[in-house]
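Everything on this sheet refers to the single structure shown next.
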Amino acid sequence: MDNGESSYRRFLDGDESAFGEILDMHSENLIFFINRYVGNIAIAQELSEDVFVDLLIHKRRYNFKTSLKTYIFTIGRNKAVSYLRRCARRPECAYEYIENEADRLCIEDEFLKRERDKQLHAAINTLNEDYRTVLHLIYFEDMSYEQAAAVMKKNKKQIENLVYRARQALRKILENEVSL
């Protein structure tokens with residue numbers, strides 16, 4: 001899977017529709033990823049748009065040494081962290097978590113699925129930032145350990161250790177919730 005590299009090459013060669021393919025391929029997942037940091041879907045959408053604007057403006061920065069997805073998510077992480085730093089300095093920049101409600105196909109099944117998802121996401125949100133990030137990249141974005149290492153600016157062994165520790169911590173949290 002080329003994660004959009006061929007589309008990006010076509011975009012660099014002048015095919016404007018190729019950039020739309022890249023947007024379609026990565027925008028939703030990037031918004032979800034950024035939302036894990038900022039906790040506000042509207043802010044996550046804005047930051048995601050900023051990522052793609054940067055990709056448009058600085059066309060030649062991407063050097064094809066990593067996957068395009070890794071490159072885009074690295075920019076997204078940097079934008080989210082910068083946003084959080086700005087918010088820490090300015091209290092008027094407060095945010096709150098906004099939860100999207102999906103349309104219900106089968107009311108009972110959808111309700112149960114959402115409850116399980118809420119429990120999982122609430123448990124993930126109690127983990128420290130590195131654990132949350134590595135779990136999201138590996139399990140929600142299907143990134144390899146190498147790609148996650150590039151996004152998080154760590155080496156592969158550190159990612160392996162983080163995944164192991166994050167899974168153990170998440171398991172402990174979920175087991176404690178079940179026993180209550």
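By order in the structure tokens, chains are A, B, ...; within a chain, residues start at 1; ligands start at 1, following the order shown.
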Could you give me, as a Markdown table, every region 21-88 of chain A residue with an atom at most 9 Å from region 134-150 of chain A, plus its closest atom pair and distance in Å to one decimal, counting only C-alpha atoms, rows ordered by chain then number?
```
| residue | atom | partner | partner_atom | distance |
| --- | --- | --- | --- | --- |
| A:Asn29 | CA | A:Glu141 | CA | 7.1 |
| A:Leu30 | CA | A:Glu141 | CA | 8.9 |
| A:Phe33 | CA | A:His136 | CA | 7.1 |
| A:Arg36 | CA | A:His136 | CA | 8.3 |
| A:Thr66 | CA | A:Gln147 | CA | 7.6 |
| A:Ser67 | CA | A:Gln147 | CA | 7.6 |
| A:Lys69 | CA | A:Gln147 | CA | 8.6 |
| A:Thr70 | CA | A:Gln147 | CA | 5.7 |
| A:Tyr71 | CA | A:Ala150 | CA | 8.3 |
| A:Thr74 | CA | A:Ala150 | CA | 7.5 |
```
Print the selection's residues with N, CA and C atoms to a file, as a compact mmCIF listing (two decimals), in the first residue's frame.
```
# COMPACT_ATOMS: atom_id res chain seq x y z
N ASN A 29 -9.12 10.27 9.19
CA ASN A 29 -8.26 9.65 10.20
C ASN A 29 -7.38 10.68 10.89
N LEU A 30 -6.93 11.68 10.14
CA LEU A 30 -6.11 12.73 10.73
C LEU A 30 -6.93 13.55 11.73
N PHE A 33 -7.26 11.52 14.84
CA PHE A 33 -5.98 11.49 15.54
C PHE A 33 -5.74 12.80 16.29
N ARG A 36 -7.75 13.35 19.45
CA ARG A 36 -7.23 12.68 20.65
C ARG A 36 -6.37 13.63 21.47
N THR A 66 9.82 8.48 4.19
CA THR A 66 8.84 7.80 5.02
C THR A 66 7.55 7.75 4.22
N SER A 67 6.54 7.05 4.73
CA SER A 67 5.27 7.03 4.01
C SER A 67 4.61 8.41 4.12
N LYS A 69 1.57 9.00 4.78
CA LYS A 69 0.71 8.98 5.96
C LYS A 69 1.50 9.35 7.21
N THR A 70 2.69 8.79 7.35
CA THR A 70 3.55 9.11 8.49
C THR A 70 3.90 10.59 8.50
N TYR A 71 4.23 11.12 7.34
CA TYR A 71 4.58 12.53 7.21
C TYR A 71 3.40 13.42 7.61
N THR A 74 2.71 13.23 11.34
CA THR A 74 3.74 13.94 12.09
C THR A 74 3.44 15.43 12.11
```
Selected residue of minimal separation from Met152 (chain A) among A:Tyr164, A:Tyr83, A:Phe73, A:Phe19, counting only C-alpha atoms: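 For Met152 (chain A), the nearest of the candidates is A:Phe73.
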Within 12 Å of Phe11 (chain A), counting only C-alpha atoms, which residues qualify if same-chain residues fewer than 4 places away don't, as a compact mmCIF listing (two decimals) with C-alpha atoms, in the first residue's frame?
```
# COMPACT_ATOMS: atom_id res chain seq x y z
CA GLY A 4 -0.91 8.19 -1.24
CA GLU A 5 2.69 8.55 -2.42
CA SER A 6 1.73 7.92 -6.06
CA SER A 7 -1.05 10.51 -5.78
CA ASP A 15 -2.38 16.89 -11.44
CA GLU A 16 -4.57 18.93 -9.05
CA SER A 17 -7.13 16.12 -8.66
CA ALA A 18 -4.44 13.96 -7.04
CA PHE A 19 -4.44 16.21 -3.99
CA GLY A 20 -8.16 15.50 -3.57
CA GLU A 21 -7.34 11.80 -3.47
CA ILE A 22 -4.85 12.46 -0.69
CA LEU A 23 -7.47 14.44 1.23
CA LEU A 55 1.27 20.23 2.39
CA LEU A 56 0.05 22.45 -0.46
CA LYS A 59 5.11 20.85 -1.75
CA ARG A 60 8.75 19.88 -1.89
```
Pick from A:Leu68, A:Ile57, A:Leu84, A:Ala122, whichever lies nearest to Ile34 (chain A) using only C-alpha atoms: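 Looking only at the distances to Ile34 (chain A), the closest residue turns out to be A:Leu84.
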